[in-house]
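Q: Got a structure for you, input00.cif, holding mmCIF, C-alpha atoms.
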data_start
loop_
_atom_site.group_PDB
_atom_site.id
_atom_site.type_symbol
_atom_site.label_atom_id
_atom_site.label_comp_id
_atom_site.auth_asym_id
_atom_site.auth_seq_id
_atom_site.Cartn_x
_atom_site.Cartn_y
_atom_site.Cartn_z
ATOM 1 C CA MET A 396 27.412 -34.945 -91.601
ATOM 2 C CA TYR A 397 25.632 -35.123 -88.243
ATOM 3 C CA ASN A 398 28.953 -35.448 -86.368
ATOM 4 C CA THR A 399 30.334 -32.417 -88.224
ATOM 5 C CA LEU A 400 27.319 -30.280 -87.333
ATOM 6 C CA MET A 401 27.500 -31.497 -83.747
ATOM 7 C CA GLY A 402 31.211 -30.643 -83.601
ATOM 8 C CA ILE A 403 30.649 -27.157 -85.007
ATOM 9 C CA GLY A 404 27.804 -26.564 -82.569
ATOM 10 C CA LEU A 405 29.893 -27.674 -79.607
ATOM 11 C CA SER A 406 32.858 -25.571 -80.683
ATOM 12 C CA LEU A 407 30.601 -22.520 -80.813
ATOM 13 C CA ALA A 408 28.606 -23.257 -77.646
ATOM 14 C CA GLY A 409 31.413 -24.874 -75.626
ATOM 15 C CA PRO A 410 33.286 -21.728 -74.573
ATOM 16 C CA LYS A 411 30.031 -19.995 -73.650
ATOM 17 C CA MET A 412 28.930 -22.999 -71.534
ATOM 18 C CA LEU A 413 32.331 -23.164 -69.829
ATOM 19 C CA SER A 414 32.213 -19.468 -69.043
ATOM 20 C CA LYS A 415 28.815 -20.012 -67.398
ATOM 21 C CA ILE A 416 30.279 -22.806 -65.264
ATOM 22 C CA GLN A 417 33.174 -20.610 -64.207
ATOM 23 C CA ASP A 418 30.974 -17.533 -63.813
ATOM 24 C CA GLN A 419 30.931 -16.568 -60.167
ATOM 25 C CA LYS A 420 29.122 -13.588 -58.790
ATOM 26 C CA VAL A 421 31.695 -12.116 -56.446
ATOM 27 C CA HIS A 422 30.292 -9.280 -54.350
ATOM 28 C CA VAL A 423 32.199 -6.698 -52.379
ATOM 29 C CA VAL A 424 30.462 -6.807 -48.994
ATOM 30 C CA HIS A 425 32.490 -3.947 -47.614
ATOM 31 C CA ALA A 426 35.721 -2.146 -48.295
ATOM 32 C CA LEU A 427 37.777 0.027 -45.991
ATOM 33 C CA PRO A 428 41.278 1.394 -46.509
ATOM 34 C CA GLY A 429 43.553 -1.644 -46.546
ATOM 35 C CA ARG A 430 40.719 -4.133 -46.132
ATOM 36 C CA VAL A 431 38.011 -5.759 -48.258
ATOM 37 C CA ARG A 432 35.448 -8.520 -47.735
ATOM 38 C CA LEU A 433 34.405 -10.456 -50.823
ATOM 39 C CA LYS A 434 31.507 -12.878 -50.907
ATOM 40 C CA CYS A 435 30.449 -15.611 -53.313
ATOM 41 C CA SER A 436 27.896 -18.390 -52.861
ATOM 42 C CA ARG A 437 30.301 -20.851 -54.563
ATOM 43 C CA TRP A 438 32.773 -20.423 -51.677
ATOM 44 C CA LYS A 439 30.482 -22.053 -49.098
ATOM 45 C CA ASN A 440 32.509 -25.190 -48.447
ATOM 46 C CA GLU A 441 35.555 -26.119 -46.391
ATOM 47 C CA LYS A 442 37.837 -27.048 -49.288
ATOM 48 C CA THR A 443 37.318 -23.819 -51.230
ATOM 49 C CA ALA A 444 37.666 -21.690 -48.093
ATOM 50 C CA SER A 445 40.887 -23.476 -47.169
ATOM 51 C CA ASN A 446 42.306 -23.067 -50.690
ATOM 52 C CA LEU A 447 41.381 -19.380 -50.804
ATOM 53 C CA GLU A 448 43.140 -18.746 -47.486
ATOM 54 C CA SER A 449 46.292 -20.620 -48.437
ATOM 55 C CA VAL A 450 46.580 -18.934 -51.858
ATOM 56 C CA PHE A 451 45.995 -15.409 -50.550
ATOM 57 C CA LYS A 452 48.384 -15.835 -47.624
ATOM 58 C CA GLN A 453 51.138 -16.343 -50.206
ATOM 59 C CA ILE A 454 50.426 -13.118 -52.093
ATOM 60 C CA PRO A 455 52.907 -10.418 -51.005
ATOM 61 C CA LEU A 456 50.282 -7.661 -51.204
ATOM 62 C CA VAL A 457 48.048 -9.472 -48.656
ATOM 63 C CA SER A 458 48.859 -9.297 -44.945
ATOM 64 C CA LYS A 459 45.875 -11.350 -43.715
ATOM 65 C CA ALA A 460 43.375 -13.702 -45.362
ATOM 66 C CA GLU A 461 40.391 -15.345 -43.672
ATOM 67 C CA ALA A 462 37.760 -17.353 -45.543
ATOM 68 C CA SER A 463 34.466 -18.493 -44.058
ATOM 69 C CA PRO A 464 32.889 -21.654 -45.498
ATOM 70 C CA ILE A 465 29.665 -20.821 -43.659
ATOM 71 C CA THR A 466 29.089 -17.398 -45.210
ATOM 72 C CA GLY A 467 31.138 -17.869 -48.391
ATOM 73 C CA SER A 468 33.154 -14.744 -47.660
ATOM 74 C CA LEU A 469 36.829 -13.883 -47.915
ATOM 75 C CA LEU A 470 38.295 -11.156 -45.716
ATOM 76 C CA LEU A 471 41.526 -9.694 -47.018
ATOM 77 C CA GLU A 472 43.755 -7.161 -45.309
ATOM 78 C CA PHE A 473 46.439 -5.543 -47.413
ATOM 79 C CA LYS A 474 49.842 -4.068 -46.692
ATOM 80 C CA LEU A 475 48.754 -0.958 -48.619
ATOM 81 C CA GLN A 476 45.929 1.380 -47.671
ATOM 82 C CA SER A 477 44.578 1.500 -51.217
ATOM 83 C CA LEU A 478 44.761 -0.668 -54.305
ATOM 84 C CA THR A 479 44.711 0.312 -57.945
ATOM 85 C CA GLN A 480 41.813 -0.915 -60.040
ATOM 86 C CA GLU A 481 44.191 -3.329 -61.760
ATOM 87 C CA GLN A 482 45.402 -4.763 -58.439
ATOM 88 C CA PHE A 483 41.823 -5.187 -57.216
ATOM 89 C CA ASP A 484 40.790 -6.887 -60.469
ATOM 90 C CA GLN A 485 43.741 -9.270 -60.118
ATOM 91 C CA ILE A 486 42.682 -10.080 -56.539
ATOM 92 C CA VAL A 487 39.126 -10.906 -57.644
ATOM 93 C CA GLN A 488 40.386 -12.911 -60.621
ATOM 94 C CA GLN A 489 42.720 -14.853 -58.332
ATOM 95 C CA ALA A 490 39.810 -15.655 -56.003
ATOM 96 C CA VAL A 491 37.684 -16.886 -58.906
ATOM 97 C CA HIS A 492 40.571 -18.877 -60.380
ATOM 98 C CA THR A 493 41.313 -20.475 -56.995
ATOM 99 C CA SER A 494 37.714 -21.504 -56.412
ATOM 100 C CA VAL A 495 37.329 -22.860 -59.960
ATOM 101 C CA ALA A 496 40.527 -24.881 -59.491
ATOM 102 C CA THR A 497 38.904 -26.420 -56.399
ATOM 103 C CA TYR A 498 35.849 -27.758 -58.299
ATOM 104 C CA PRO A 499 37.381 -31.154 -59.173
ATOM 105 C CA GLU A 500 38.071 -31.760 -55.465
ATOM 106 C CA LEU A 501 34.472 -31.056 -54.421
ATOM 107 C CA GLU A 502 31.569 -33.431 -54.277
ATOM 108 C CA SER A 503 28.873 -32.286 -56.681
ATOM 109 C CA ASP A 504 25.757 -30.646 -55.296
ATOM 110 C CA LEU A 505 23.631 -33.249 -57.064
ATOM 111 C CA MET A 506 25.549 -36.101 -55.409
ATOM 112 C CA VAL A 507 25.032 -34.512 -51.986
ATOM 113 C CA ILE A 508 21.295 -34.243 -52.698
ATOM 114 C CA LEU A 509 21.115 -37.853 -53.885
ATOM 115 C CA LYS A 510 22.976 -39.101 -50.812
ATOM 116 C CA ASN A 511 20.629 -37.156 -48.546
ATOM 117 C CA ILE A 512 17.609 -38.659 -50.326
ATOM 118 C CA ILE A 513 18.997 -42.193 -49.986
ATOM 119 C CA ASN A 514 19.797 -41.630 -46.306
ATOM 120 C CA THR A 515 16.293 -40.288 -45.696
ATOM 121 C CA ILE A 516 14.700 -43.268 -47.439
ATOM 122 C CA ASP A 517 16.979 -45.693 -45.581
ATOM 123 C CA ASN A 518 16.245 -44.139 -42.177
ATOM 124 C CA THR A 519 12.506 -44.067 -42.889
ATOM 125 C CA MET A 520 12.536 -47.741 -43.917
ATOM 126 C CA ARG A 521 14.403 -48.681 -40.745
ATOM 127 C CA ARG A 522 12.003 -46.713 -38.536
ATOM 128 C CA GLN A 523 8.870 -48.008 -40.219
ATOM 129 C CA SER A 524 10.044 -51.628 -40.108
ATOM 130 C CA GLY A 525 11.420 -51.479 -36.581
ATOM 131 C CA GLY A 526 14.952 -52.001 -37.897
ATOM 132 C CA ARG A 527 14.049 -55.136 -39.884
ATOM 133 C CA VAL A 528 14.544 -53.639 -43.366
ATOM 134 C CA ASP A 529 16.948 -51.129 -44.825
ATOM 135 C CA ILE A 530 17.656 -50.023 -48.363
ATOM 136 C CA ASP A 531 20.626 -52.398 -48.788
ATOM 137 C CA ALA A 532 18.528 -55.407 -47.741
ATOM 138 C CA LEU A 533 15.650 -54.420 -50.010
ATOM 139 C CA LEU A 534 17.976 -53.835 -52.962
ATOM 140 C CA SER A 535 19.656 -57.211 -52.325
ATOM 141 C CA VAL A 536 16.293 -58.997 -52.374
ATOM 142 C CA VAL A 537 15.307 -57.273 -55.628
ATOM 143 C CA LEU A 538 18.644 -58.211 -57.225
ATOM 144 C CA ILE A 539 18.435 -61.844 -56.055
ATOM 145 C CA VAL A 540 14.852 -62.315 -57.245
ATOM 146 C CA SER A 541 15.592 -60.610 -60.587
ATOM 147 C CA GLY A 542 18.750 -62.679 -61.010
ATOM 148 C CA ILE A 543 16.944 -65.946 -60.348
ATOM 149 C CA LEU A 544 14.003 -65.102 -62.636
ATOM 150 C CA MET A 545 16.289 -63.976 -65.491
ATOM 151 C CA MET A 546 18.665 -66.964 -65.248
ATOM 152 C CA PRO A 547 17.036 -69.044 -68.038
ATOM 153 C CA SER A 548 16.830 -66.163 -70.546
ATOM 154 C CA ASN A 549 20.056 -64.262 -69.821
ATOM 155 C CA PRO A 550 22.495 -66.170 -67.611
ATOM 156 C CA ALA A 551 25.342 -63.630 -67.936
ATOM 157 C CA PHE A 552 23.258 -60.638 -66.835
ATOM 158 C CA SER A 553 21.563 -62.753 -64.180
ATOM 159 C CA SER A 554 24.946 -63.707 -62.756
ATOM 160 C CA SER A 555 25.973 -60.068 -62.563
ATOM 161 C CA LEU A 556 22.778 -59.240 -60.630
ATOM 162 C CA LEU A 557 23.459 -62.080 -58.209
ATOM 163 C CA TYR A 558 27.048 -60.915 -57.836
ATOM 164 C CA TRP A 559 25.909 -57.349 -57.000
ATOM 165 C CA ALA A 560 23.511 -58.730 -54.402
ATOM 166 C CA TYR A 561 26.364 -60.774 -52.922
ATOM 167 C CA THR A 562 28.607 -57.688 -52.871
ATOM 168 C CA ILE A 563 25.985 -55.592 -51.082
ATOM 169 C CA ILE A 564 25.356 -58.308 -48.506
ATOM 170 C CA THR A 565 29.016 -59.057 -47.782
ATOM 171 C CA ASN A 566 30.047 -55.382 -47.636
ATOM 172 C CA LYS A 567 27.196 -54.486 -45.281
ATOM 173 C CA GLY A 568 28.804 -56.306 -42.352
ATOM 174 C CA SER A 569 32.398 -55.332 -43.144
ATOM 175 C CA GLY A 570 32.378 -52.025 -41.306
ATOM 176 C CA ARG A 571 31.467 -50.026 -44.405
ATOM 177 C CA THR A 572 30.323 -46.527 -43.588
ATOM 178 C CA ASP A 573 26.896 -45.518 -44.789
ATOM 179 C CA ILE A 574 26.534 -42.910 -47.467
#
Rewrite the structure of this file - the entire thing - as structure tokens.

A:
Amino acid sequence: MYNTLMGIGLSLAGPKMLSKIQDQKVHVVHALPGRVRLKCSRWKNEKTASNLESVFKQIPLVSKAEASPITGSLLLEFKLQSLTQEQFDQIVQQAVHTSVATYPELESDLMVILKNIINTIDNTMRRQSGGRVDIDALLSVVLIVSGILMMPSNPAFSSSLLYWAYTIITNKGSGRTDI
């Protein structure tokens, strides 16, 4: 019964949630005859900007396409001086579709934040300890101590903790790039 209610709820809420994910506020920054600049905060990355440029350069109606990952804008110059409302709507829809198609290739905003936090903690630990301790070393010590203490009660889990500590220690000196 619970699974059925959950399934019905997801089928009703799912499309609305997906539309929110794909919802992009595309603004027309300026428009002149034969030229328009669109802007969207979701376009502020190299991959999306590159994809937008390559897609719009292939559209016969477009003579020039330049995307800026810094400002999140897309400058389009057209072969015609004016577009119909339908043509303009298709251009905006193509831009949204292209950026949404890029999402799987992007690193999530949350992951970027987490990596920045870890890097900040790691750099602070190194500075405060004069380079004697970093986050990998501290995590290895915690895993080793936990693994040793848990060995009598849960040898399988304890072994996995010791293995993770070993992996961190051996990968640290193998030229691995930091986060």

Q: May I ask for the distance between atom CA of A:Ser463 and atom CA of A:Asn514, given in Å to one decimal place?

A: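 Atom CA of A:Asn514 lies 27.5 Å from atom CA of A:Ser463.
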
Q: Have a look at atom CA of A:Ser503 and atom CA of A:Ala490 and let me know their distance in Å, one decimal.

A: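 Taking atom CA of A:Ser503 as the start and atom CA of A:Ala490 as the end point, the length is 19.9 Å.
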
Q: Distance cut-off 7 Å, centre (41.1, -8.4, -46.4) in file coordinates, counting all atoms listed in the file: which residues qualify? Return them as a list of chain:residue names.

A: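 Residues with an atom close enough to that point: A:Arg430, A:Val431, A:Arg432, A:Lys459, A:Ala460, A:Leu470, A:Leu471, A:Glu472, A:Phe473.
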
Q: Taking all atoms of stretch 534-541 of chain A that appear in the file, build a box with edges along x, y and z, extend it by 5 Å on every side, and state its centre and edge lengths in Å to one decimal, as lines of an AutoDock Vina configuration file.

A:
center_x = 17.3
center_y = -58.1
center_z = -56.5
size_x = 14.8
size_y = 18.5
size_z = 18.3

Q: Do you have the atom CA of A:Arg521-atom CA of A:Leu544 distance handy?

A: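 Interatomic distance, atom CA of A:Arg521 to atom CA of A:Leu544: 27.4 Å.
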
Q: Between A:Val537, A:Ile530, A:Val487, A:Glu502, which has the minimum distance to A:Thr515 (counting only C-alpha atoms)?

A: A:Ile530

Q: Could you check which of A:Ser436, A:Gln485, A:Ser553, A:Gln480 is closest to A:Ile454, using only C-alpha atoms?

A: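 Residue with the minimum atom-to-atom distance to A:Ile454: A:Gln485.
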
Q: Can you list what the PyMOL selection byres ((chain A and resi 448) around 8) grabs from this structure, as a list in words?

A: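 The output of the PyMOL selection byres ((chain A and resi 448) around 8) on this file is Ala444, Ser445, Asn446, Leu447, Ser449, Val450, Phe451, Lys452, Ala460, Glu461, Ala462 and Leu469 of chain A.
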
Q: Could you turn the residues from that selection into a file that holds C-alpha atoms, as a JSON list (two decimals), in the coordinates of the input?

A:
[["chain", "number", "residue", "atom", "x", "y", "z"],
["A", 444, "ALA", "CA", 37.67, -21.69, -48.09],
["A", 445, "SER", "CA", 40.89, -23.48, -47.17],
["A", 446, "ASN", "CA", 42.31, -23.07, -50.69],
["A", 447, "LEU", "CA", 41.38, -19.38, -50.80],
["A", 449, "SER", "CA", 46.29, -20.62, -48.44],
["A", 450, "VAL", "CA", 46.58, -18.93, -51.86],
["A", 451, "PHE", "CA", 46.00, -15.41, -50.55],
["A", 452, "LYS", "CA", 48.38, -15.84, -47.62],
["A", 460, "ALA", "CA", 43.38, -13.70, -45.36],
["A", 461, "GLU", "CA", 40.39, -15.34, -43.67],
["A", 462, "ALA", "CA", 37.76, -17.35, -45.54],
["A", 469, "LEU", "CA", 36.83, -13.88, -47.92]]

Q: Nearest to A:Pro455 among A:Leu427, A:Leu433, A:Ile508, A:Ile486, with distances taken over only C-alpha atoms: which residue is it?

A: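 Counting only C-alpha atoms, the residue closest to A:Pro455 is A:Ile486.
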
Q: Run the PyMOL selection byres ((chain A and resi 437) around 8) against the file shown and list the residues it catches, as a PyMOL selection string.

A: chain A and resi 419+435-436+438-440+467+494

Q: For this file, the PyMOL selection byres ((chain A and resi 422) around 7) selects which residues, as number ranges by chain?

A: A: 420-421, 423-424, 433-435

Q: Which residue is closest to A:Gln476? Choose from A:Pro428, A:Gly542, A:Pro464, A:Pro499 and count only C-alpha atoms.

A: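 Of all the options, A:Pro428 lies closest to A:Gln476.
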
Q: Nearest to A:Ser554 among A:Ser535, A:Ser458, A:Ser541, A:Thr519, with distances taken over all atoms listed in the file: which residue is it?

A: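 Residue with the minimum atom-to-atom distance to A:Ser554: A:Ser541.
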